[in-house]
Each structure stands twice: as C-alpha cells, then as structure tokens.
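Next comes data-v2.csv, with CSV, C-alpha atoms.
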```
chain,number,residue,atom,x,y,z
O,1,GLN,CA,10.5,107.7,121.1
O,2,PRO,CA,12.1,111.0,120.4
O,3,THR,CA,15.5,110.9,118.7
O,4,PRO,CA,18.3,111.7,121.2
O,5,ILE,CA,20.0,114.9,120.5
O,6,PRO,CA,23.8,114.4,120.3
O,7,ALA,CA,25.8,116.3,122.9
O,8,PRO,CA,27.8,119.1,121.4
O,9,SER,CA,31.4,118.3,120.8
O,10,VAL,CA,33.9,120.0,123.1
O,11,PRO,CA,37.2,120.8,121.3
O,12,LEU,CA,40.3,119.4,123.0
O,13,ALA,CA,42.4,122.0,124.8
O,14,LEU,CA,45.5,122.9,122.9
O,15,PRO,CA,48.8,123.4,124.7
O,16,ALA,CA,49.7,127.0,125.2
O,17,ARG,CA,52.2,128.2,122.6
O,18,PRO,CA,55.2,130.1,124.0
O,19,LEU,CA,54.9,133.7,123.2
O,20,PRO,CA,57.6,135.1,121.0
O,21,ASP,CA,59.6,138.1,122.3
O,22,ASP,CA,57.6,140.4,120.1
O,23,ASP,CA,54.3,139.5,121.9
O,24,VAL,CA,55.6,140.3,125.4
O,25,ALA,CA,57.0,143.8,124.7
O,26,ILE,CA,55.6,146.6,126.9
O,27,LEU,CA,55.2,148.9,123.8
O,28,LYS,CA,54.3,147.0,120.7
O,29,THR,CA,55.3,148.7,117.5
O,30,PRO,CA,55.3,147.6,113.8
O,31,PHE,CA,58.9,148.5,113.5
O,32,ARG,CA,61.4,145.6,113.8
O,33,ILE,CA,65.1,145.3,113.3
O,34,ASN,CA,64.8,141.5,112.6
O,35,ASN,CA,62.0,139.7,110.8
O,36,PRO,CA,60.4,137.2,113.2
O,37,ALA,CA,60.6,134.5,110.5
O,38,ARG,CA,64.3,135.3,109.9
O,39,ASN,CA,67.1,132.8,109.4
O,40,VAL,CA,69.7,135.4,110.2
O,41,ALA,CA,69.4,138.1,112.9
O,42,PHE,CA,71.6,140.9,114.3
O,43,TYR,CA,71.7,142.1,117.9
O,44,ALA,CA,73.7,145.0,119.5
O,45,TYR,CA,74.2,145.9,123.1
O,46,ALA,CA,75.8,148.8,125.0
O,47,GLU,CA,76.5,149.0,128.8
O,48,VAL,CA,77.8,151.9,130.9
O,49,GLY,CA,78.4,152.0,134.7
O,50,ALA,CA,81.0,151.9,137.4
O,51,LEU,CA,83.9,149.5,138.0
O,52,GLY,CA,85.4,149.0,141.5
O,53,PHE,CA,88.5,147.0,142.4
O,54,VAL,CA,88.0,144.5,145.2
O,55,GLN,CA,91.7,143.4,145.1
O,56,HIS,CA,94.6,144.1,142.8
O,57,THR,CA,98.2,143.2,143.2
O,58,TYR,CA,101.1,143.5,140.7
O,59,GLN,CA,104.7,142.6,140.5
O,60,SER,CA,107.1,143.0,137.6
O,61,GLY,CA,110.4,141.1,137.9
O,62,LYS,CA,111.3,138.3,140.3
O,63,ASN,CA,113.1,140.8,142.5
O,64,GLY,CA,110.4,143.5,142.0
O,65,THR,CA,108.0,144.8,144.7
O,66,LEU,CA,104.7,143.1,145.2
O,67,PHE,CA,102.6,146.3,144.9
O,68,ASP,CA,99.0,146.7,146.1
O,69,LEU,CA,97.4,148.8,143.3
O,70,LYS,CA,94.2,149.2,145.2
O,71,THR,CA,95.6,150.6,148.5
O,72,GLU,CA,99.1,151.8,147.5
O,73,GLY,CA,98.1,152.8,143.9
O,74,ASN,CA,94.8,154.6,144.9
O,75,GLN,CA,92.5,152.3,142.9
O,76,SER,CA,90.1,152.4,145.8
O,77,THR,CA,87.5,154.7,144.1
O,78,MET,CA,85.0,153.9,141.3
O,79,PHE,CA,86.0,154.1,137.6
O,80,LEU,CA,84.0,154.4,134.4
O,81,PHE,CA,82.9,151.2,132.8
O,82,ALA,CA,81.7,150.8,129.2
O,83,ARG,CA,81.2,147.7,127.0
O,84,LEU,CA,80.0,147.1,123.5
O,85,SER,CA,78.9,143.9,121.9
O,86,ALA,CA,77.3,142.6,118.7
O,87,GLU,CA,75.7,139.2,118.0
O,88,LEU,CA,75.0,137.4,114.7
O,89,GLU,CA,72.4,134.7,115.1
O,90,LEU,CA,72.0,131.9,112.6
O,91,SER,CA,68.8,129.8,112.3
O,92,LYS,CA,67.7,131.0,115.8
O,93,ARG,CA,70.2,128.8,117.6
O,94,PRO,CA,73.9,129.3,116.8
O,95,SER,CA,75.4,132.7,117.4
O,96,PHE,CA,78.7,134.5,116.9
O,97,ILE,CA,79.3,137.2,119.6
O,98,PHE,CA,81.9,140.0,119.5
O,99,VAL,CA,82.7,142.0,122.6
O,100,TYR,CA,84.9,145.1,123.0
O,101,HIS,CA,85.7,146.0,126.6
O,102,PRO,CA,88.1,148.8,127.4
O,103,ILE,CA,89.7,149.1,130.8
O,104,ASP,CA,92.0,152.2,131.1
O,105,VAL,CA,92.5,153.3,134.7
O,106,HIS,CA,94.6,156.3,135.6
O,107,THR,CA,95.5,157.1,139.2
O,108,GLU,CA,98.0,159.3,141.1
O,109,ALA,CA,99.8,158.1,144.2
O,110,VAL,CA,102.9,158.7,146.3
O,111,ALA,CA,105.3,155.8,146.8
O,112,PRO,CA,104.7,154.6,150.4
O,113,ARG,CA,108.1,152.8,150.4
O,114,ASP,CA,110.8,152.0,148.0
O,115,VAL,CA,109.1,150.2,145.1
O,116,THR,CA,110.9,148.4,142.2
O,117,PHE,CA,109.4,147.3,138.9
O,118,ASP,CA,112.0,145.4,136.9
O,119,GLN,CA,115.1,147.7,136.8
O,120,THR,CA,113.3,150.9,137.9
O,121,THR,CA,113.1,151.9,141.6
O,122,PHE,CA,110.9,154.7,142.9
O,123,VAL,CA,112.1,155.8,146.4
O,124,THR,CA,109.7,156.5,149.2
O,125,GLY,CA,107.8,159.8,148.7
O,126,THR,CA,108.1,159.8,144.9
O,127,PRO,CA,104.8,161.2,143.3
O,128,LEU,CA,103.6,158.7,140.8
O,129,ASP,CA,101.3,158.7,137.8
O,130,ILE,CA,99.9,155.1,137.3
O,131,ARG,CA,98.2,153.8,134.2
O,132,TYR,CA,96.6,150.3,134.2
O,133,GLY,CA,95.3,149.5,130.8
O,134,PHE,CA,93.7,146.1,130.0
O,135,ASP,CA,91.5,146.4,126.9
O,136,PHE,CA,90.2,143.1,125.4
O,137,TYR,CA,88.5,142.0,122.3
O,138,ARG,CA,86.5,138.8,122.4
O,139,LEU,CA,84.9,136.5,119.8
O,140,THR,CA,82.8,133.5,120.9
O,141,TYR,CA,80.5,131.0,119.3
O,142,GLN,CA,77.5,129.4,121.1
O,143,ILE,CA,74.6,127.1,120.5
O,144,ASP,CA,71.2,127.5,122.2
O,145,ILE,CA,69.7,124.1,123.3
O,146,PHE,CA,66.2,125.6,123.2
O,147,LYS,CA,64.2,126.6,120.2
O,148,SER,CA,61.9,128.9,122.1
O,149,SER,CA,62.4,132.6,121.6
O,150,ARG,CA,61.6,133.2,125.3
O,151,HIS,CA,64.0,130.7,126.8
O,152,GLU,CA,67.7,130.4,126.3
O,153,LEU,CA,70.5,128.1,127.6
O,154,ALA,CA,73.5,128.3,125.3
O,155,PHE,CA,77.0,126.8,125.5
O,156,GLY,CA,80.0,127.7,123.5
O,157,LEU,CA,83.7,128.6,123.2
O,158,GLY,CA,85.9,131.3,121.9
O,159,GLY,CA,88.9,133.4,122.3
O,160,GLN,CA,90.0,136.8,123.7
O,161,LEU,CA,92.8,139.1,122.6
O,162,ARG,CA,94.2,141.1,125.5
O,163,ASN,CA,96.0,144.4,125.1
O,164,ALA,CA,97.7,145.1,128.4
O,165,LYS,CA,99.8,148.2,129.2
O,166,ILE,CA,101.0,149.0,132.8
O,167,ILE,CA,103.0,152.2,133.3
O,168,PHE,CA,104.5,153.8,136.4
O,169,THR,CA,105.9,157.3,135.9
O,170,SER,CA,107.4,159.8,138.3
O,171,VAL,CA,105.6,163.1,138.1
O,172,ASP,CA,108.8,164.9,137.1
O,173,GLY,CA,109.1,162.5,134.2
O,174,LYS,CA,112.6,161.3,135.1
O,175,GLN,CA,111.7,157.7,135.8
O,176,ARG,CA,109.3,155.4,134.1
O,177,SER,CA,108.5,151.6,134.1
O,178,VAL,CA,106.5,150.3,131.2
O,179,SER,CA,105.2,146.8,130.8
O,180,ASP,CA,102.9,145.8,127.8
O,181,ASP,CA,101.7,142.6,126.3
O,182,LEU,CA,99.4,141.5,123.5
O,183,GLY,CA,98.2,137.9,123.8
O,184,PHE,CA,95.4,135.4,123.0
O,185,VAL,CA,93.4,133.5,125.6
O,186,PRO,CA,90.9,130.7,124.9
O,187,LEU,CA,87.5,130.8,126.6
O,188,LEU,CA,84.5,128.6,127.6
O,189,ARG,CA,81.1,130.1,127.6
O,190,VAL,CA,77.5,129.7,129.0
O,191,ARG,CA,74.5,132.0,128.7
O,192,GLY,CA,70.9,131.7,129.9
O,193,ARG,CA,67.8,133.9,129.8
O,194,TYR,CA,64.1,133.5,130.7
O,195,THR,CA,61.4,136.0,129.6
O,196,PHE,CA,58.2,136.2,131.5
O,197,ARG,CA,54.8,137.0,129.8
O,198,ASN,CA,54.8,140.6,131.1
O,199,GLY,CA,58.0,141.4,129.3
O,200,VAL,CA,60.4,141.1,132.3
O,201,TRP,CA,63.4,138.8,131.8
O,202,LEU,CA,66.2,137.4,133.9
O,203,GLY,CA,69.6,136.3,132.6
O,204,PHE,CA,73.1,135.3,133.3
O,205,GLU,CA,76.3,135.0,131.3
O,206,ALA,CA,79.8,133.7,132.0
O,207,ASP,CA,83.0,133.4,130.0
O,208,GLY,CA,86.2,132.0,131.6
O,209,PHE,CA,89.2,129.8,131.5
O,210,TYR,CA,92.1,128.6,133.6
O,211,ALA,CA,95.4,127.2,132.4
O,212,ASN,CA,99.0,126.8,133.7
O,213,VAL,CA,100.7,125.2,130.7
O,214,ALA,CA,101.9,126.7,127.4
O,215,VAL,CA,99.5,126.9,124.4
O,216,LEU,CA,96.4,126.4,126.6
O,217,ASN,CA,97.2,129.6,128.4
O,218,GLY,CA,97.5,131.5,125.1
O,219,GLY,CA,101.3,131.8,125.2
O,220,ARG,CA,104.6,129.8,124.7
O,221,SER,CA,105.5,129.6,128.4
O,222,ASP,CA,104.1,127.7,131.4
O,223,VAL,CA,102.5,130.7,132.9
O,224,GLU,CA,99.5,130.4,135.2
O,225,GLY,CA,96.7,132.4,133.8
O,226,ALA,CA,93.0,132.8,134.3
O,227,ILE,CA,90.0,135.0,133.4
O,228,TRP,CA,86.4,134.9,134.7
O,229,ASP,CA,83.8,137.3,133.4
O,230,ALA,CA,80.4,136.5,134.9
O,231,SER,CA,77.2,138.6,135.2
O,232,LEU,CA,73.6,138.5,136.5
O,233,ARG,CA,71.1,140.8,134.9
O,234,ALA,CA,67.4,141.7,134.9
O,235,GLY,CA,65.7,143.4,132.0
O,236,LEU,CA,62.6,144.6,130.4
O,237,ARG,CA,61.3,144.3,126.8
O,238,LEU,CA,60.6,148.0,126.1
O,239,THR,CA,59.5,147.5,122.5
O,240,SER,CA,59.4,144.9,119.9
O,241,PHE,CA,63.0,145.7,119.1
O,242,MET,CA,64.6,147.1,122.2
O,243,ASP,CA,65.6,145.9,125.7
O,244,THR,CA,66.8,147.7,128.8
O,245,PHE,CA,68.6,146.0,131.7
O,246,VAL,CA,70.6,146.4,134.9
O,247,ASN,CA,73.7,144.3,135.4
O,248,LEU,CA,76.0,143.1,138.2
O,249,ARG,CA,79.3,141.7,136.9
O,250,TYR,CA,82.3,140.1,138.3
O,251,LEU,CA,85.5,140.5,136.2
O,252,GLY,CA,88.7,139.0,137.4
O,253,GLY,CA,91.8,137.0,136.6
O,254,GLY,CA,95.5,137.5,136.0
O,255,ALA,CA,98.8,135.8,135.4
O,256,ASN,CA,101.7,134.5,137.4
O,257,GLY,CA,105.0,133.3,135.8
O,258,THR,CA,107.8,134.1,133.4
O,259,SER,CA,107.0,134.8,129.8
O,260,THR,CA,109.4,134.6,126.9
O,261,SER,CA,107.1,136.9,124.8
O,262,GLY,CA,105.9,140.4,125.2
O,263,SER,CA,107.8,143.7,125.4
O,264,ASP,CA,108.4,144.3,129.1
O,265,ASN,CA,111.0,146.7,130.4
O,266,LEU,CA,114.4,146.4,128.7
O,267,GLY,CA,116.6,144.2,130.9
O,268,GLY,CA,113.7,142.7,132.7
O,269,ASP,CA,113.5,138.9,133.4
O,270,GLY,CA,110.0,138.5,132.0
O,271,TYR,CA,108.4,137.6,135.3
O,272,THR,CA,104.9,139.0,136.1
O,273,TYR,CA,102.4,138.6,138.9
O,274,ASN,CA,99.2,140.4,138.1
O,275,TRP,CA,95.9,139.4,139.8
O,276,LEU,CA,92.7,141.4,140.1
O,277,HIS,CA,89.1,141.1,141.2
O,278,THR,CA,86.6,143.7,140.3
O,279,LEU,CA,82.8,144.3,140.6
O,280,VAL,CA,80.8,146.3,138.0
O,281,ALA,CA,77.3,147.8,138.3
O,282,SER,CA,75.9,149.0,135.0
O,283,ILE,CA,72.8,149.7,132.9
O,284,GLY,CA,72.4,148.7,129.4
O,285,PHE,CA,70.3,148.7,126.2
O,286,GLY,CA,70.0,146.1,123.5
O,287,VAL,CA,68.6,146.3,120.0
O,288,ARG,CA,67.2,143.0,118.8
```
Let me see the structure of the file written as structure tokens.
Amino acid sequence: QPTPIPAPSVPLALPARPLPDDDVAILKTPFRINNPARNVAFYAYAEVGALGFVQHTYQSGKNGTLFDLKTEGNQSTMFLFARLSAELELSKRPSFIFVYHPIDVHTEAVAPRDVTFDQTTFVTGTPLDIRYGFDFYRLTYQIDIFKSSRHELAFGLGGQLRNAKIIFTSVDGKQRSVSDDLGFVPLLRVRGRYTFRNGVWLGFEADGFYANVAVLNGGRSDVEGAIWDASLRAGLRLTSFMDTFVNLRYLGGGANGTSTSGSDNLGGDGYTYNWLHTLVASIGFGVR
C-alpha cells in the first residue's frame, strides 16, 4: 500500500497585536519626538477657541450686591480661550501633567442700579470697566491602567493654584473696587482615550473637587468651594508625532463664604460669593 502523505500543518492563528500609535498615523514619517521603546516621553498640547459664560454671579461683602456678571456686566458675548499643557510620561503608564489656563475677561457696562462691592457703591448709570481674571496653574499625577498605546484609562490627583483678580472701576477713575486672591485647590482626575486603526481617536478628561471645610478647600476657613473642568474631544493622528483635535469643554465652579486670607478691599468683611458656569469650543494640536 502507498505510504499516506501527512496533511500539511496549519499554523495556529495568533491574536492580533494592538497597533501602536505610530502605525495608525495618517502620514507616517521617520521623524519622532519620542522613541517608541522609550521609558520617558514628553508631550505638549495647545488649544485655542472661544469661551462663553452660561451663568456668572458675584458678590463681595455680606451687605454687597449680588451682581449678574453675564447680563448686568455684559459677559454675554464670546471671549478668547487659550490653554497650554505639557506631560511627562514615565514607563508608559504614570504621568505628570502641567496646565496653564489664563482667563482674563474685560467688559464695559453701565450700572443698571445702585451696586455695592464691599465699601464701594456705584450709583445707577455709572459707566463701568470690569475685569474678571482667574488664571490657574495645575499640576496633576495620573496612572494609566492599560499598557496599550492605543487605549488609555487613567486616574490621578493633583493641585491647582488660582490667581483671581476682580476689578470694578468707574470710567472716570474716581471709584474702584478690587478683590484678589491667590490660593491652592486639591483635585481628583480621570482621563480616557481610544484610538481606532484609521488614526481617529475619541477621548475625555475631567479634573474636579468639592469641599466646604478648611484645608480640604485649599484655605484656612470653612468656605464652600468647587471646581469642575471636563471635556470631550475627537482627534486625528496626523503624523507619527502630531495630533489635531476638536474639543468641547465645561469649566465651572466658585466659592461661597468668609475667608480670613486674601487681599480684598480694605475694610471689607472677607465674604465672597462667586459662581460661574462656562462652555468652551476649541481646536488643538498635540506633539507626542
């Protein structure tokens, strides 16, 4: 009898390996900012767009006027938004992230009624120059629970240094109310991202905290304070080292209570009520 011919062996199918970010870029280039085999990587991001106030109310002094900065202070238009951030990644999972976010809104209005901020009263009809400044500097630490370069779900914590300055000035320069404050706020953080094989990616990011007791709120008084900075974004891997994205962001929070720190108006009682809700639409670029 003829010797049977053994059937050819069929190799077992291997599971598909996740594609690294470099392999899903639209335009593949040999140039890279970070070595794919790196233990340390640096990323940088820039955003620009428009900020709009959904709601913003402010009061300085317990006997002061609760003032609607959106309707009475003419914050009803759009304002320039810009944001810079840098990230240092270690061993592809832990990251340190620094954010600089300036907010400096200038408007002109006419006092619709007698309005008082601490010891300063602007009578009805007074032309006003209003400045609302709330720059912040943020440093956070996060750890990604995934090892894949295409998937991310990271949790972390950090802190934010706020640099607030709120000024009401009569156009003739004879009256002025100044309130400023420099303080620290703790934060919790979460960030996620999924990159498809065609280079499109979706992501979200949120930093926030709420506290109404001293120390936890970043101060020495039992002032109610909160911040919430959350965004949804969609992007595209343009090259092996650059992303572009569109972003929709909610930025809100504020404070309510009497603080023993800060440098508010002389003679003021230290009470502040300042709550705002904003929406931001922006475009951005990232170097990875």
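Coordinates place CA of Leu139 (chain O) at a distance of 6.6 Å from CA of Val99 (chain O).
The interatomic distance for the pair CA of Phe285 (chain O) and CA of Glu87 (chain O) works out to 13.7 Å.
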(request) Using all atoms listed in the file, pick whichever of O:Arg138, O:Arg83, O:Arg189, O:Arg249 has the shortest atom-to-atom distance to Arg162 (chain O). (result) O:Arg138
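Among the candidates O:Phe117, O:Phe168, O:Tyr273, O:Phe98, the residue lying nearest to Gln142 (chain O) is O:Phe98 (atoms considered: all atoms listed in the file).
The spacing separating CA of His151 (chain O) from CA of Ser85 (chain O) amounts to 20.5 Å.
Using all atoms listed in the file, the shortest contact distance between Gly52 (chain O) and any of O:Leu84, O:Leu276, O:Val287, O:Val110 is found at O:Leu276.
Counting all atoms listed in the file and comparing O:Tyr132, O:Tyr250, O:Tyr45, O:Phe53, the residue that lies closest to Ser76 (chain O) is O:Phe53.
When all atoms listed in the file are used to compute distances to Asp181 (chain O), the closest of the residues O:Val48, O:Ile97, O:Leu232, O:Ala255 turns out to be O:Ala255.
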(request) Identify which of the residues O:Ser231, O:Glu47, O:Ser282, O:Pro112 lies closest to Asp68 (chain O), counting all atoms listed in the file when measuring atom-to-atom distances. (result) O:Pro112
Excluding Gly125 (chain O) and its own-chain neighbours fewer than 3 positions away, which residues fall within 10 Å of it when counting only C-alpha atoms? Please give them as a compact mmCIF listing (two decimals) with C-alpha atoms, in the frame of the given file.
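Once everything was written out, this is selection-v8.txt:
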```txt
# COMPACT_ATOMS: atom_id res chain seq x y z
CA ALA O 109 99.80 158.10 144.20
CA VAL O 110 102.90 158.70 146.30
CA ALA O 111 105.30 155.80 146.80
CA PRO O 112 104.70 154.60 150.40
CA ARG O 113 108.10 152.80 150.40
CA ASP O 114 110.80 152.00 148.00
CA PHE O 122 110.90 154.70 142.90
CA LEU O 128 103.60 158.70 140.80
```
(message) Can you tell me which residues surround Asp129 (chain O) at a distance of at most 7 Å, considering only C-alpha atoms, apart from same-chain residues fewer than 3 positions away, and format the answer as a PyMOL selection string?
(response) chain O and resi 107-109+168-171
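Residues surrounding Val200 (chain O) within 12 Å are Asp21, Val24, Ala25, Ile26, Arg150, Arg193, Tyr194, Thr195, Phe196, Arg233, Ala234, Gly235, Leu236, Arg237, Leu238, Thr239, Asp243, Thr244, Phe245 and Val246 of chain O [only C-alpha atoms; sequence separation below 4 positions excluded].
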Starting from the block above, write region 81-94 of chain O out to a file with all heavy atoms, as a short mmCIF file (atom, residue, chain, number, x, y, z; two decimals), in the first residue's frame, please.
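Contents of the output file selection.cif:
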```
data_model
loop_
_atom_site.label_atom_id
_atom_site.label_comp_id
_atom_site.auth_asym_id
_atom_site.auth_seq_id
_atom_site.Cartn_x
_atom_site.Cartn_y
_atom_site.Cartn_z
N PHE O 81 -10.25 82.00 24.22
CA PHE O 81 -9.82 80.92 25.11
C PHE O 81 -8.48 80.39 24.61
O PHE O 81 -8.29 80.18 23.41
CB PHE O 81 -10.86 79.80 25.10
CG PHE O 81 -10.37 78.49 25.69
CD1 PHE O 81 -10.45 78.26 27.04
CD2 PHE O 81 -9.82 77.51 24.87
CE1 PHE O 81 -9.99 77.07 27.58
CE2 PHE O 81 -9.37 76.32 25.40
CZ PHE O 81 -9.46 76.09 26.77
N ALA O 82 -7.55 80.17 25.53
CA ALA O 82 -6.26 79.57 25.18
C ALA O 82 -5.80 78.72 26.35
O ALA O 82 -6.08 79.03 27.52
CB ALA O 82 -5.22 80.63 24.85
N ARG O 83 -5.10 77.65 26.03
CA ARG O 83 -4.68 76.72 27.08
C ARG O 83 -3.43 75.98 26.62
O ARG O 83 -3.34 75.54 25.47
CB ARG O 83 -5.81 75.73 27.35
CG ARG O 83 -5.55 74.69 28.45
CD ARG O 83 -6.77 73.80 28.52
NE ARG O 83 -6.64 72.69 29.45
CZ ARG O 83 -7.34 72.55 30.56
NH1 ARG O 83 -8.24 73.47 30.89
NH2 ARG O 83 -7.18 71.51 31.34
N LEU O 84 -2.44 75.87 27.50
CA LEU O 84 -1.20 75.16 27.22
C LEU O 84 -1.00 74.07 28.26
O LEU O 84 -1.31 74.26 29.45
CB LEU O 84 0.00 76.12 27.26
CG LEU O 84 0.00 77.28 26.26
CD1 LEU O 84 1.17 78.21 26.55
CD2 LEU O 84 0.07 76.76 24.83
N SER O 85 -0.50 72.92 27.81
CA SER O 85 -0.22 71.85 28.75
C SER O 85 0.99 71.05 28.29
O SER O 85 1.29 70.98 27.09
CB SER O 85 -1.43 70.93 28.93
OG SER O 85 -1.78 70.29 27.71
N ALA O 86 1.67 70.46 29.25
CA ALA O 86 2.83 69.61 28.98
C ALA O 86 2.73 68.37 29.87
O ALA O 86 2.23 68.44 30.99
CB ALA O 86 4.13 70.37 29.27
N GLU O 87 3.21 67.26 29.33
CA GLU O 87 3.08 65.99 30.06
C GLU O 87 4.40 65.24 30.00
O GLU O 87 5.03 65.11 28.95
CB GLU O 87 1.97 65.16 29.44
CG GLU O 87 1.74 63.82 30.12
CD GLU O 87 0.51 63.10 29.60
OE1 GLU O 87 -0.29 63.75 28.89
OE2 GLU O 87 0.34 61.90 29.89
N LEU O 88 4.80 64.71 31.15
CA LEU O 88 5.99 63.87 31.27
C LEU O 88 5.53 62.47 31.65
O LEU O 88 4.98 62.26 32.73
CB LEU O 88 6.95 64.43 32.32
CG LEU O 88 8.25 63.64 32.53
CD1 LEU O 88 9.11 63.70 31.27
CD2 LEU O 88 9.01 64.17 33.74
N GLU O 89 5.75 61.52 30.74
CA GLU O 89 5.30 60.14 30.95
C GLU O 89 6.48 59.26 31.34
O GLU O 89 7.55 59.34 30.73
CB GLU O 89 4.66 59.61 29.67
CG GLU O 89 4.14 58.18 29.77
CD GLU O 89 3.71 57.65 28.42
OE1 GLU O 89 4.60 57.22 27.64
OE2 GLU O 89 2.51 57.68 28.13
N LEU O 90 6.26 58.41 32.34
CA LEU O 90 7.31 57.53 32.84
C LEU O 90 6.89 56.08 32.65
O LEU O 90 5.80 55.69 33.11
CB LEU O 90 7.58 57.80 34.32
CG LEU O 90 7.91 59.25 34.70
CD1 LEU O 90 8.04 59.39 36.20
CD2 LEU O 90 9.18 59.71 34.00
N SER O 91 7.70 55.30 31.98
CA SER O 91 7.44 53.86 31.78
C SER O 91 6.08 53.59 31.15
O SER O 91 5.46 52.56 31.45
CB SER O 91 7.58 53.12 33.11
OG SER O 91 8.87 53.31 33.65
N LYS O 92 5.57 54.51 30.32
CA LYS O 92 4.35 54.37 29.54
C LYS O 92 3.07 54.29 30.37
O LYS O 92 2.00 54.05 29.83
CB LYS O 92 4.42 53.15 28.63
CG LYS O 92 5.54 53.22 27.60
CD LYS O 92 5.48 52.08 26.62
CE LYS O 92 6.58 52.21 25.58
NZ LYS O 92 6.55 51.13 24.58
N ARG O 93 3.14 54.52 31.68
CA ARG O 93 1.91 54.45 32.48
C ARG O 93 1.74 55.66 33.41
O ARG O 93 0.75 56.36 33.31
CB ARG O 93 1.85 53.14 33.26
CG ARG O 93 1.71 51.93 32.35
CD ARG O 93 1.56 50.65 33.13
NE ARG O 93 0.29 50.58 33.80
CZ ARG O 93 -0.06 49.58 34.62
NH1 ARG O 93 0.77 48.60 34.86
NH2 ARG O 93 -1.24 49.58 35.20
N PRO O 94 2.66 55.95 34.32
CA PRO O 94 2.48 57.16 35.15
C PRO O 94 2.83 58.42 34.37
O PRO O 94 3.71 58.39 33.51
CB PRO O 94 3.48 56.94 36.31
CG PRO O 94 4.00 55.55 36.16
CD PRO O 94 3.83 55.17 34.73
#
```
